[in-house]
file entry37.tsv (TSV, C-alpha atoms and all ligand atoms)
chain	number	residue	atom	x	y	z
A	1	MET	CA	0.00	0.00	0.00
A	2	GLY	CA	1.26	3.38	-0.92
A	3	PHE	CA	0.47	5.72	1.94
A	4	VAL	CA	3.04	6.77	4.50
A	5	LEU	CA	1.72	8.55	7.56
A	6	SER	CA	3.87	7.29	10.33
A	7	VAL	CA	7.38	6.52	11.36
A	8	ARG	CA	6.38	2.88	11.78
A	9	ASP	CA	4.91	0.38	9.33
A	10	MET	CA	2.50	-2.38	10.06
A	11	GLU	CA	1.68	-5.68	8.42
A	12	ILE	CA	-1.98	-6.65	8.60
A	13	THR	CA	-3.01	-10.26	8.01
A	14	TRP	CA	-6.65	-11.34	7.81
A	15	GLN	CA	-7.44	-14.71	9.33
A	16	SER	CA	-11.07	-14.48	8.13
A	17	HIS	CA	-14.11	-13.37	10.12
A	18	SER	CA	-12.97	-10.65	12.56
A	19	CYS	CA	-9.54	-12.13	13.26
A	20	PHE	CA	-6.55	-10.01	12.27
A	21	GLU	CA	-2.86	-10.22	13.06
A	22	LEU	CA	-1.19	-6.81	13.36
A	23	GLU	CA	2.57	-6.93	13.13
A	24	GLY	CA	4.14	-3.61	14.06
A	25	SER	CA	6.36	-3.10	17.10
A	26	MET	CA	4.68	-6.20	18.51
A	27	ASN	CA	2.60	-9.11	17.21
A	28	ILE	CA	-1.05	-8.49	18.09
A	29	LEU	CA	-3.91	-10.88	17.44
A	30	VAL	CA	-7.46	-9.51	17.50
A	31	ASP	CA	-10.53	-11.76	17.99
A	32	PRO	CA	-8.71	-15.08	17.38
A	33	TYR	CA	-11.56	-17.23	16.08
A	34	ILE	CA	-9.38	-20.03	14.69
A	35	GLU	CA	-10.60	-23.37	16.07
A	36	GLY	CA	-14.02	-24.16	14.58
A	37	ASN	CA	-13.84	-21.30	12.07
A	38	PRO	CA	-14.94	-22.80	8.73
A	39	LEU	CA	-12.76	-20.34	6.76
A	40	SER	CA	-9.56	-20.51	8.77
A	41	PRO	CA	-6.79	-22.66	7.28
A	42	ARG	CA	-4.72	-22.32	10.46
A	43	SER	CA	-4.45	-24.05	13.81
A	44	PRO	CA	-4.28	-22.14	17.11
A	45	LEU	CA	-0.85	-23.79	17.55
A	46	GLU	CA	0.55	-21.69	14.68
A	47	PHE	CA	0.13	-18.38	16.53
A	48	GLU	CA	2.75	-16.81	18.81
A	49	PRO	CA	1.28	-13.38	19.56
A	50	GLU	CA	2.61	-11.05	22.23
A	51	LEU	CA	-0.83	-9.55	22.81
A	52	ILE	CA	-4.40	-10.67	22.13
A	53	ALA	CA	-7.25	-8.15	22.07
A	54	VAL	CA	-10.80	-9.53	22.43
A	55	THR	CA	-13.77	-7.33	21.52
A	56	HIS	CA	-16.49	-9.40	23.26
A	57	GLY	CA	-17.40	-12.79	24.69
A	58	HIS	CA	-19.11	-14.38	21.69
A	59	ALA	CA	-17.42	-17.60	20.65
A	60	ASP	CA	-16.58	-16.25	17.17
A	61	HIS	CA	-14.46	-13.49	18.79
A	62	LEU	CA	-13.14	-14.86	22.09
A	63	GLY	CA	-12.42	-17.94	19.99
A	64	SER	CA	-9.07	-19.58	20.71
A	65	ALA	CA	-7.84	-16.71	22.92
A	66	GLY	CA	-7.68	-18.83	26.08
A	67	GLU	CA	-5.89	-21.70	24.37
A	68	ILE	CA	-3.32	-19.49	22.61
A	69	ALA	CA	-2.68	-17.34	25.68
A	70	SER	CA	-2.27	-20.25	28.09
A	71	ARG	CA	0.23	-21.91	25.70
A	72	THR	CA	2.27	-18.81	24.86
A	73	GLY	CA	1.88	-16.80	28.08
A	74	CYS	CA	0.91	-13.74	26.05
A	75	LEU	CA	-1.25	-11.01	27.54
A	76	VAL	CA	-4.97	-10.79	26.75
A	77	VAL	CA	-6.75	-7.44	26.94
A	78	ALA	CA	-10.54	-7.42	27.14
A	79	ILE	CA	-13.49	-6.07	29.09
A	80	PRO	CA	-13.32	-7.09	32.81
A	81	GLU	CA	-16.03	-9.78	32.65
A	82	VAL	CA	-14.19	-11.57	29.82
A	83	VAL	CA	-10.90	-11.15	31.73
A	84	ARG	CA	-12.46	-12.76	34.77
A	85	TYR	CA	-13.62	-15.72	32.67
A	86	LEU	CA	-10.14	-16.12	31.13
A	87	SER	CA	-8.37	-15.78	34.48
A	88	GLY	CA	-10.08	-19.03	35.49
A	89	GLN	CA	-8.10	-20.72	32.67
A	90	SER	CA	-4.67	-19.59	33.96
A	91	VAL	CA	-4.43	-16.89	31.32
A	92	ARG	CA	-2.63	-13.59	31.90
A	93	ALA	CA	-5.36	-11.08	31.20
A	94	GLU	CA	-5.85	-7.38	31.88
A	95	GLY	CA	-9.17	-5.58	31.88
A	96	MET	CA	-10.08	-2.23	30.45
A	97	ASN	CA	-13.38	-0.64	29.55
A	98	ILE	CA	-15.04	1.52	26.94
A	99	GLY	CA	-13.61	5.03	26.75
A	100	GLY	CA	-10.33	4.07	28.40
A	101	SER	CA	-6.80	3.62	27.09
A	102	TYR	CA	-4.18	1.08	28.09
A	103	GLN	CA	-0.55	1.04	27.03
A	104	VAL	CA	1.38	-2.20	26.49
A	105	SER	CA	5.01	-1.50	25.52
A	106	ASN	CA	4.80	0.92	22.58
A	107	VAL	CA	1.20	0.08	21.76
A	108	ILE	CA	-1.79	2.07	23.03
A	109	LEU	CA	-5.17	0.38	23.05
A	110	HIS	CA	-8.28	2.57	23.17
A	111	MET	CA	-11.47	0.63	23.87
A	112	THR	CA	-14.46	1.97	21.95
A	113	GLN	CA	-18.20	1.55	22.08
A	114	ALA	CA	-19.97	-1.12	20.04
A	115	ILE	CA	-23.70	-1.73	19.84
A	116	HIS	CA	-24.16	-5.48	20.13
A	117	SER	CA	-24.78	-8.22	22.73
A	118	SER	CA	-21.95	-9.81	24.64
A	119	GLY	CA	-22.59	-13.05	26.56
A	120	ILE	CA	-19.78	-15.58	26.80
A	121	THR	CA	-21.33	-18.16	24.49
A	122	ALA	CA	-18.60	-20.79	24.84
A	123	THR	CA	-20.30	-21.93	28.06
A	124	ASP	CA	-23.75	-23.43	28.58
A	125	PRO	CA	-25.61	-21.48	29.84
A	126	PRO	CA	-23.76	-18.39	28.57
A	127	LEU	CA	-21.97	-16.29	31.19
A	128	CYS	CA	-22.28	-12.55	31.48
A	129	GLY	CA	-19.65	-11.12	29.15
A	130	GLY	CA	-19.93	-7.49	30.28
A	131	GLY	CA	-20.29	-5.33	27.23
A	132	SER	CA	-19.29	-5.47	23.60
A	133	ALA	CA	-16.50	-3.21	22.36
A	134	GLY	CA	-14.13	-2.21	19.62
A	135	PHE	CA	-10.51	-1.09	19.76
A	136	VAL	CA	-8.37	1.59	18.24
A	137	ILE	CA	-4.91	0.04	18.32
A	138	ASP	CA	-2.18	2.63	18.01
A	139	ASP	CA	1.20	1.18	17.10
A	140	GLY	CA	2.30	4.18	15.01
A	141	ILE	CA	-0.29	3.12	12.45
A	142	LYS	CA	-3.73	3.42	14.07
A	143	VAL	CA	-6.14	0.60	13.36
A	144	TYR	CA	-9.81	0.77	14.37
A	145	HIS	CA	-11.29	-2.72	14.81
A	146	ALA	CA	-15.02	-2.09	15.27
A	147	GLY	CA	-15.84	-5.51	16.72
A	148	ASP	CA	-19.43	-6.59	16.12
A	149	THR	CA	-21.62	-3.52	15.98
A	150	ALA	CA	-24.54	-1.65	14.54
A	151	LEU	CA	-23.90	1.68	12.90
A	152	PHE	CA	-23.82	4.43	15.53
A	153	SER	CA	-23.23	8.13	15.05
A	154	ASP	CA	-20.40	8.32	17.61
A	155	MET	CA	-18.25	6.63	14.97
A	156	LYS	CA	-17.79	10.27	13.90
A	157	LEU	CA	-16.29	10.90	17.35
A	158	ILE	CA	-14.01	7.86	17.02
A	159	GLY	CA	-12.83	9.31	13.71
A	160	GLU	CA	-12.24	12.76	15.18
A	161	LEU	CA	-10.66	11.62	18.41
A	162	TYR	CA	-8.32	8.87	17.20
A	163	ARG	CA	-7.99	9.57	13.45
A	164	PRO	CA	-7.54	5.91	12.53
A	165	ASP	CA	-5.47	5.18	9.43
A	166	VAL	CA	-7.18	1.83	8.87
A	167	ALA	CA	-10.72	0.74	9.76
A	168	LEU	CA	-11.77	-2.90	10.02
A	169	LEU	CA	-15.58	-2.99	9.73
A	170	PRO	CA	-18.15	-5.80	9.79
A	171	ILE	CA	-20.31	-6.01	6.65
A	172	GLY	CA	-22.02	-9.39	7.14
A	173	ASP	CA	-25.42	-7.95	8.14
A	174	ARG	CA	-27.95	-9.81	10.32
A	175	TYR	CA	-25.72	-9.74	13.46
A	176	THR	CA	-23.82	-6.54	12.60
A	177	MET	CA	-23.82	-3.72	10.08
A	178	GLY	CA	-24.40	-4.69	6.47
A	179	PRO	CA	-22.60	-3.15	3.47
A	180	ARG	CA	-24.76	-0.01	3.40
A	181	GLU	CA	-24.34	0.80	7.09
A	182	ALA	CA	-20.62	-0.02	6.96
A	183	ALA	CA	-20.16	2.31	3.98
A	184	ILE	CA	-21.78	5.15	5.97
A	185	ALA	CA	-19.56	4.22	8.93
A	186	THR	CA	-16.51	4.56	6.68
A	187	SER	CA	-17.56	8.05	5.60
A	188	TRP	CA	-17.93	9.03	9.28
A	189	ILE	CA	-14.68	7.46	10.50
A	190	ARG	CA	-12.69	8.79	7.55
A	191	PRO	CA	-9.87	6.23	7.51
A	192	HIS	CA	-7.37	6.10	4.66
A	193	VAL	CA	-8.00	2.38	4.22
A	194	VAL	CA	-11.05	0.30	5.10
A	195	ILE	CA	-11.09	-3.50	5.19
A	196	PRO	CA	-14.40	-5.41	5.37
A	197	MET	CA	-14.71	-8.29	7.86
A	198	HIS	CA	-17.29	-10.60	9.50
A	199	TYR	CA	-18.78	-11.90	6.23
A	200	ASP	CA	-18.96	-15.20	4.29
A	201	THR	CA	-18.03	-17.26	7.36
A	202	TRP	CA	-21.47	-18.89	7.24
A	203	PRO	CA	-24.30	-18.65	4.69
A	204	VAL	CA	-26.30	-16.27	6.94
A	205	ILE	CA	-23.61	-13.57	6.63
A	206	LYS	CA	-22.81	-14.09	2.95
A	207	GLN	CA	-22.01	-10.74	1.31
A	208	ASP	CA	-20.46	-9.33	-1.82
A	209	PRO	CA	-17.59	-7.13	-0.60
A	210	LEU	CA	-17.56	-5.44	-4.03
A	211	GLU	CA	-20.97	-4.01	-3.20
A	212	PHE	CA	-19.45	-2.52	-0.04
A	213	LYS	CA	-16.55	-1.16	-2.09
A	214	SER	CA	-18.76	0.60	-4.62
A	215	LEU	CA	-20.96	2.06	-1.85
A	216	VAL	CA	-17.89	3.45	-0.06
A	217	GLU	CA	-16.64	4.96	-3.31
A	218	THR	CA	-19.88	6.93	-3.69
A	219	LEU	CA	-19.51	8.39	-0.18
A	220	CYS	CA	-15.85	9.12	0.47
A	221	ASP	CA	-12.33	8.62	-0.81
A	222	ALA	CA	-11.22	5.82	1.56
A	223	GLU	CA	-9.40	3.00	-0.20
A	224	VAL	CA	-11.33	-0.27	0.15
A	225	VAL	CA	-9.03	-3.27	0.46
A	226	ILE	CA	-10.77	-6.62	0.12
A	227	MET	CA	-8.45	-9.18	1.65
A	228	ASP	CA	-8.11	-12.89	1.00
A	229	VAL	CA	-7.94	-15.20	3.99
A	230	ASP	CA	-4.34	-15.44	5.25
A	231	GLU	CA	-3.29	-12.54	3.02
A	232	THR	CA	-0.93	-9.89	4.41
A	233	ILE	CA	-0.88	-6.24	3.40
A	234	GLU	CA	1.55	-3.56	4.46
A	235	CYS	CA	0.38	-0.18	5.70
B	301	NI	NI	-20.87	-11.05	18.40
B	302	MN	MN	-19.59	-12.08	15.63

call {"tool": "encode", "arguments": {"input": "entry37.tsv", "output": "structure tokens"}}
result
Amino acid sequence: MGFVLSVRDMEITWQSHSCFELEGSMNILVDPYIEGNPLSPRSPLEFEPELIAVTHGHADHLGSAGEIASRTGCLVVAIPEVVRYLSGQSVRAEGMNIGGSYQVSNVILHMTQAIHSSGITATDPPLCGGGSAGFVIDDGIKVYHAGDTALFSDMKLIGELYRPDVALLPIGDRYTMGPREAAIATSWIRPHVVIPMHYDTWPVIKQDPLEFKSLVETLCDAEVVIMDVDETIEC
């Protein structure tokens, strides 16, 4: 990718659904839904992150976080209720909440609002997962991972406050924004690059990302990057 905004570069790899690896000053894994993910070609054993960020307790986001973190000893950052659940699995986890920031080495995590539900669905019955969130991850390049969310007008505030370079937005519809809402979100957040996520994992969230791309192009000048699973781009 051509744009240079920062002293540091970042490699972004999509592991399908809402799972991304961000490789900047440290290796960060967001929403590691690997085991049981019909689109993921990888095993949880292949990941050696230094930090895992979890947006909410649903199984397709919390995913393999516990397994990867207990094997590697890496830190997990999530909302306190998810941290409490993970702490029971001998995982090193730190809580934060919406509106707050937390620095890990050179990386600053800002936890942002998301409009969604949040129970920990890996257990039966589900446990209270606190709330549902997103993150702006600032490692020189600033990446906004929206988590699972509806469109909400404070995305304008997220854009103003954190000025993300890259936005990762769900487009699958039904459980989150669809292409139309996500295109409006892009115009409000005003990132340089937007990457669609949370689609095609199952038939109920099948989408054409090219529809999202053309909608974005009618609203703003963000570059839409449609990633392949396991593909890496450089920002
Ligand atoms: Ni969810
Ligand atoms: Mn989800």

call {"tool": "residues_near_ligand", "arguments": {"input": "entry37.tsv", "ligand": "ligand MN 302 (chain B)", "cutoff": "8 Å", "atoms": "only C-alpha atoms and all ligand atoms", "output": "PyMOL selection string"}}
result
chain A and resi 17-18+58-61+147-148+175-176+198

call {"tool": "write_last_selection", "arguments": {"input": "entry37.tsv", "atoms": "C-alpha atoms", "output": "compact mmCIF listing (two decimals), keeping the file's coordinate frame"}}
result
# COMPACT_ATOMS: atom_id res chain seq x y z
CA HIS A 17 -14.11 -13.37 10.12
CA SER A 18 -12.97 -10.65 12.56
CA HIS A 58 -19.11 -14.38 21.69
CA ALA A 59 -17.42 -17.60 20.65
CA ASP A 60 -16.58 -16.25 17.17
CA HIS A 61 -14.46 -13.49 18.79
CA GLY A 147 -15.84 -5.51 16.72
CA ASP A 148 -19.43 -6.59 16.12
CA TYR A 175 -25.72 -9.74 13.46
CA THR A 176 -23.82 -6.54 12.60
CA HIS A 198 -17.29 -10.60 9.50

call {"tool": "residues_near_ligand", "arguments": {"input": "entry37.tsv", "ligand": "ligand NI 301 (chain B)", "cutoff": "12 Å", "atoms": "only C-alpha atoms and all ligand atoms", "output": "ChimeraX atom specification"}}
result
/A:17-18,31,33,54-63,114-122,129,131-134,146-150,170,172-177,198

call {"tool": "residues_around", "arguments": {"input": "entry37.tsv", "residues": "stretch 152-161 of chain A", "least_positions_apart": "6", "cutoff": "9 Å", "atoms": "all atoms listed in the file", "output": "VMD selection string"}}
result
chain A and resid 112 to 115 136 144 185 to 191

call {"tool": "closest_residue", "arguments": {"input": "entry37.tsv", "among": "A:Asn106, A:Leu22, A:Arg42, A:Glu11", "to": "A:Asp230", "atoms": "all atoms listed in the file"}}
result
A:Arg42

call {"tool": "closest_residue", "arguments": {"input": "entry37.tsv", "among": "A:Gly73, A:Gly24, A:Pro164, A:Pro209", "to": "A:Ala93", "atoms": "only C-alpha atoms"}}
result
A:Gly73

call {"tool": "closest_residue", "arguments": {"input": "entry37.tsv", "among": "A:Pro125, A:Pro203, A:Gly95, A:Pro32", "to": "A:Trp14", "atoms": "only C-alpha atoms"}}
result
A:Pro32

call {"tool": "residues_around", "arguments": {"input": "entry37.tsv", "residues": "A:Glu211", "least_positions_apart": "4", "cutoff": "10 Å", "atoms": "only C-alpha atoms", "output": "PyMOL selection string"}}
result
chain A and resi 179-180+183+207+215-217

call {"tool": "write_last_selection", "arguments": {"input": "entry37.tsv", "atoms": "C-alpha atoms", "output": "PDB file, keeping the file's coordinate frame"}}
result
ATOM      1  CA  PRO A 179     -22.600  -3.150   3.470  1.00  0.00           C
ATOM      2  CA  ARG A 180     -24.760  -0.010   3.400  1.00  0.00           C
ATOM      3  CA  ALA A 183     -20.160   2.310   3.980  1.00  0.00           C
ATOM      4  CA  GLN A 207     -22.010 -10.740   1.310  1.00  0.00           C
ATOM      5  CA  LEU A 215     -20.960   2.060  -1.850  1.00  0.00           C
ATOM      6  CA  VAL A 216     -17.890   3.450  -0.060  1.00  0.00           C
ATOM      7  CA  GLU A 217     -16.640   4.960  -3.310  1.00  0.00           C
TER       8      GLU A 217
END

call {"tool": "residues_near_point", "arguments": {"input": "entry37.tsv", "point": "(4.7, -18.1, 22.4)", "cutoff": "7 Å", "atoms": "all atoms listed in the file", "output": "list in words"}}
result
Glu48, Pro49, Arg71, Thr72, Gly73 and Cys74 of chain A

call {"tool": "closest_residue", "arguments": {"input": "entry37.tsv", "among": "A:Thr201, A:Ser90, A:Thr218, A:Thr232", "to": "A:Ser16", "atoms": "only C-alpha atoms"}}
result
A:Thr201

call {"tool": "closest_residue", "arguments": {"input": "entry37.tsv", "among": "A:Ser70, A:Ser214, A:Ser40, A:Thr13", "to": "A:Gly88", "atoms": "only C-alpha atoms"}}
result
A:Ser70

call {"tool": "residues_around", "arguments": {"input": "entry37.tsv", "residues": "A:Asp139", "least_positions_apart": "4", "cutoff": "9 Å", "atoms": "all atoms listed in the file", "output": "number ranges by chain"}}
result
A: 8-10, 24-26, 106-109, 143

call {"tool": "axis_aligned_box", "arguments": {"input": "entry37.tsv", "around": "stretch 61-71 of chain A", "padding_each_side": "3 Å", "output": "JSON"}}
result
{"center_x": -7.1, "center_y": -17.7, "center_z": 23.4, "size_x": 20.7, "size_y": 14.4, "size_z": 15.3}

call {"tool": "closest_residue", "arguments": {"input": "entry37.tsv", "among": "A:Ile12, A:Ile195, A:Met96, A:Cys235", "to": "A:Arg84", "atoms": "all atoms listed in the file"}}
result
A:Met96

call {"tool": "atom_distance", "arguments": {"input": "entry37.tsv", "atom1": "atom CA of A:Tyr85", "atom2": "atom CA of A:His110"}}
result
21.3 Å

call {"tool": "residues_near_point", "arguments": {"input": "entry37.tsv", "point": "(-10.5, -20.3, 7.1)", "cutoff": "8 Å", "atoms": "all atoms listed in the file", "output": "ChimeraX atom specification"}}
result
/A:15-16,34,37-42,229

call {"tool": "build_atoms", "arguments": {"input": "entry37.tsv", "residues": "stretch 128-150 of chain A", "atoms": "N, CA, C and O atoms", "output": "PDB file, in the frame of the given file"}}
result
ATOM      1  N   CYS A 128     -22.255 -13.980  31.759  1.00  0.00           N
ATOM      2  CA  CYS A 128     -22.280 -12.550  31.480  1.00  0.00           C
ATOM      3  C   CYS A 128     -20.921 -12.117  30.936  1.00  0.00           C
ATOM      4  O   CYS A 128     -19.892 -12.351  31.568  1.00  0.00           O
ATOM      5  N   GLY A 129     -20.915 -11.529  29.761  1.00  0.00           N
ATOM      6  CA  GLY A 129     -19.650 -11.120  29.150  1.00  0.00           C
ATOM      7  C   GLY A 129     -19.373  -9.633  29.299  1.00  0.00           C
ATOM      8  O   GLY A 129     -18.470  -9.105  28.635  1.00  0.00           O
ATOM      9  N   GLY A 130     -20.139  -8.945  30.165  1.00  0.00           N
ATOM     10  CA  GLY A 130     -19.930  -7.490  30.280  1.00  0.00           C
ATOM     11  C   GLY A 130     -20.541  -6.801  29.091  1.00  0.00           C
ATOM     12  O   GLY A 130     -21.705  -6.998  28.797  1.00  0.00           O
ATOM     13  N   GLY A 131     -19.794  -6.027  28.413  1.00  0.00           N
ATOM     14  CA  GLY A 131     -20.290  -5.330  27.230  1.00  0.00           C
ATOM     15  C   GLY A 131     -19.576  -5.792  25.985  1.00  0.00           C
ATOM     16  O   GLY A 131     -18.750  -6.704  26.015  1.00  0.00           O
ATOM     17  N   SER A 132     -19.911  -5.159  24.888  1.00  0.00           N
ATOM     18  CA  SER A 132     -19.290  -5.470  23.600  1.00  0.00           C
ATOM     19  C   SER A 132     -18.529  -4.212  23.190  1.00  0.00           C
ATOM     20  O   SER A 132     -19.019  -3.106  23.414  1.00  0.00           O
ATOM     21  N   ALA A 133     -17.366  -4.370  22.596  1.00  0.00           N
ATOM     22  CA  ALA A 133     -16.500  -3.210  22.360  1.00  0.00           C
ATOM     23  C   ALA A 133     -15.791  -3.300  21.021  1.00  0.00           C
ATOM     24  O   ALA A 133     -15.900  -4.293  20.293  1.00  0.00           O
ATOM     25  N   GLY A 134     -15.080  -2.232  20.726  1.00  0.00           N
ATOM     26  CA  GLY A 134     -14.130  -2.210  19.620  1.00  0.00           C
ATOM     27  C   GLY A 134     -12.810  -1.704  20.180  1.00  0.00           C
ATOM     28  O   GLY A 134     -12.704  -1.398  21.380  1.00  0.00           O
ATOM     29  N   PHE A 135     -11.799  -1.630  19.336  1.00  0.00           N
ATOM     30  CA  PHE A 135     -10.510  -1.090  19.760  1.00  0.00           C
ATOM     31  C   PHE A 135      -9.954  -0.171  18.693  1.00  0.00           C
ATOM     32  O   PHE A 135     -10.067  -0.470  17.510  1.00  0.00           O
ATOM     33  N   VAL A 136      -9.326   0.917  19.122  1.00  0.00           N
ATOM     34  CA  VAL A 136      -8.370   1.590  18.240  1.00  0.00           C
ATOM     35  C   VAL A 136      -7.003   1.185  18.770  1.00  0.00           C
ATOM     36  O   VAL A 136      -6.677   1.416  19.943  1.00  0.00           O
ATOM     37  N   ILE A 137      -6.227   0.538  17.937  1.00  0.00           N
ATOM     38  CA  ILE A 137      -4.910   0.040  18.320  1.00  0.00           C
ATOM     39  C   ILE A 137      -3.870   0.926  17.665  1.00  0.00           C
ATOM     40  O   ILE A 137      -3.787   0.989  16.437  1.00  0.00           O
ATOM     41  N   ASP A 138      -3.136   1.640  18.511  1.00  0.00           N
ATOM     42  CA  ASP A 138      -2.180   2.630  18.010  1.00  0.00           C
ATOM     43  C   ASP A 138      -0.757   2.096  18.190  1.00  0.00           C
ATOM     44  O   ASP A 138      -0.226   2.058  19.298  1.00  0.00           O
ATOM     45  N   ASP A 139      -0.202   1.625  17.091  1.00  0.00           N
ATOM     46  CA  ASP A 139       1.200   1.180  17.100  1.00  0.00           C
ATOM     47  C   ASP A 139       1.931   1.979  16.018  1.00  0.00           C
ATOM     48  O   ASP A 139       2.597   1.434  15.140  1.00  0.00           O
ATOM     49  N   GLY A 140       1.781   3.310  16.093  1.00  0.00           N
ATOM     50  CA  GLY A 140       2.300   4.180  15.010  1.00  0.00           C
ATOM     51  C   GLY A 140       1.220   4.295  13.957  1.00  0.00           C
ATOM     52  O   GLY A 140       0.638   5.351  13.759  1.00  0.00           O
ATOM     53  N   ILE A 141       0.925   3.209  13.266  1.00  0.00           N
ATOM     54  CA  ILE A 141      -0.290   3.120  12.450  1.00  0.00           C
ATOM     55  C   ILE A 141      -1.453   2.883  13.413  1.00  0.00           C
ATOM     56  O   ILE A 141      -1.340   2.089  14.357  1.00  0.00           O
ATOM     57  N   LYS A 142      -2.561   3.581  13.189  1.00  0.00           N
ATOM     58  CA  LYS A 142      -3.730   3.420  14.070  1.00  0.00           C
ATOM     59  C   LYS A 142      -4.818   2.619  13.350  1.00  0.00           C
ATOM     60  O   LYS A 142      -5.289   3.023  12.281  1.00  0.00           O
ATOM     61  N   VAL A 143      -5.165   1.504  13.952  1.00  0.00           N
ATOM     62  CA  VAL A 143      -6.140   0.600  13.360  1.00  0.00           C
ATOM     63  C   VAL A 143      -7.388   0.552  14.239  1.00  0.00           C
ATOM     64  O   VAL A 143      -7.296   0.235  15.427  1.00  0.00           O
ATOM     65  N   TYR A 144      -8.535   0.884  13.653  1.00  0.00           N
ATOM     66  CA  TYR A 144      -9.810   0.770  14.370  1.00  0.00           C
ATOM     67  C   TYR A 144     -10.466  -0.542  13.999  1.00  0.00           C
ATOM     68  O   TYR A 144     -10.856  -0.745  12.851  1.00  0.00           O
ATOM     69  N   HIS A 145     -10.563  -1.458  14.977  1.00  0.00           N
ATOM     70  CA  HIS A 145     -11.290  -2.720  14.810  1.00  0.00           C
ATOM     71  C   HIS A 145     -12.632  -2.516  15.489  1.00  0.00           C
ATOM     72  O   HIS A 145     -12.694  -2.384  16.711  1.00  0.00           O
ATOM     73  N   ALA A 146     -13.712  -2.481  14.709  1.00  0.00           N
ATOM     74  CA  ALA A 146     -15.020  -2.090  15.270  1.00  0.00           C
ATOM     75  C   ALA A 146     -15.678  -3.182  16.086  1.00  0.00           C
ATOM     76  O   ALA A 146     -16.687  -2.930  16.740  1.00  0.00           O
ATOM     77  N   GLY A 147     -15.146  -4.406  16.071  1.00  0.00           N
ATOM     78  CA  GLY A 147     -15.840  -5.510  16.720  1.00  0.00           C
ATOM     79  C   GLY A 147     -17.126  -5.823  15.978  1.00  0.00           C
ATOM     80  O   GLY A 147     -17.243  -5.557  14.784  1.00  0.00           O
ATOM     81  N   ASP A 148     -18.088  -6.398  16.693  1.00  0.00           N
ATOM     82  CA  ASP A 148     -19.430  -6.590  16.120  1.00  0.00           C
ATOM     83  C   ASP A 148     -20.244  -5.392  16.541  1.00  0.00           C
ATOM     84  O   ASP A 148     -20.363  -5.103  17.728  1.00  0.00           O
ATOM     85  N   THR A 149     -20.832  -4.706  15.590  1.00  0.00           N
ATOM     86  CA  THR A 149     -21.620  -3.520  15.980  1.00  0.00           C
ATOM     87  C   THR A 149     -22.616  -3.114  14.919  1.00  0.00           C
ATOM     88  O   THR A 149     -22.443  -3.389  13.731  1.00  0.00           O
ATOM     89  N   ALA A 150     -23.659  -2.433  15.408  1.00  0.00           N
ATOM     90  CA  ALA A 150     -24.540  -1.650  14.540  1.00  0.00           C
ATOM     91  C   ALA A 150     -23.808  -0.369  14.174  1.00  0.00           C
ATOM     92  O   ALA A 150     -22.796  -0.019  14.781  1.00  0.00           O
TER      93      ALA A 150
END
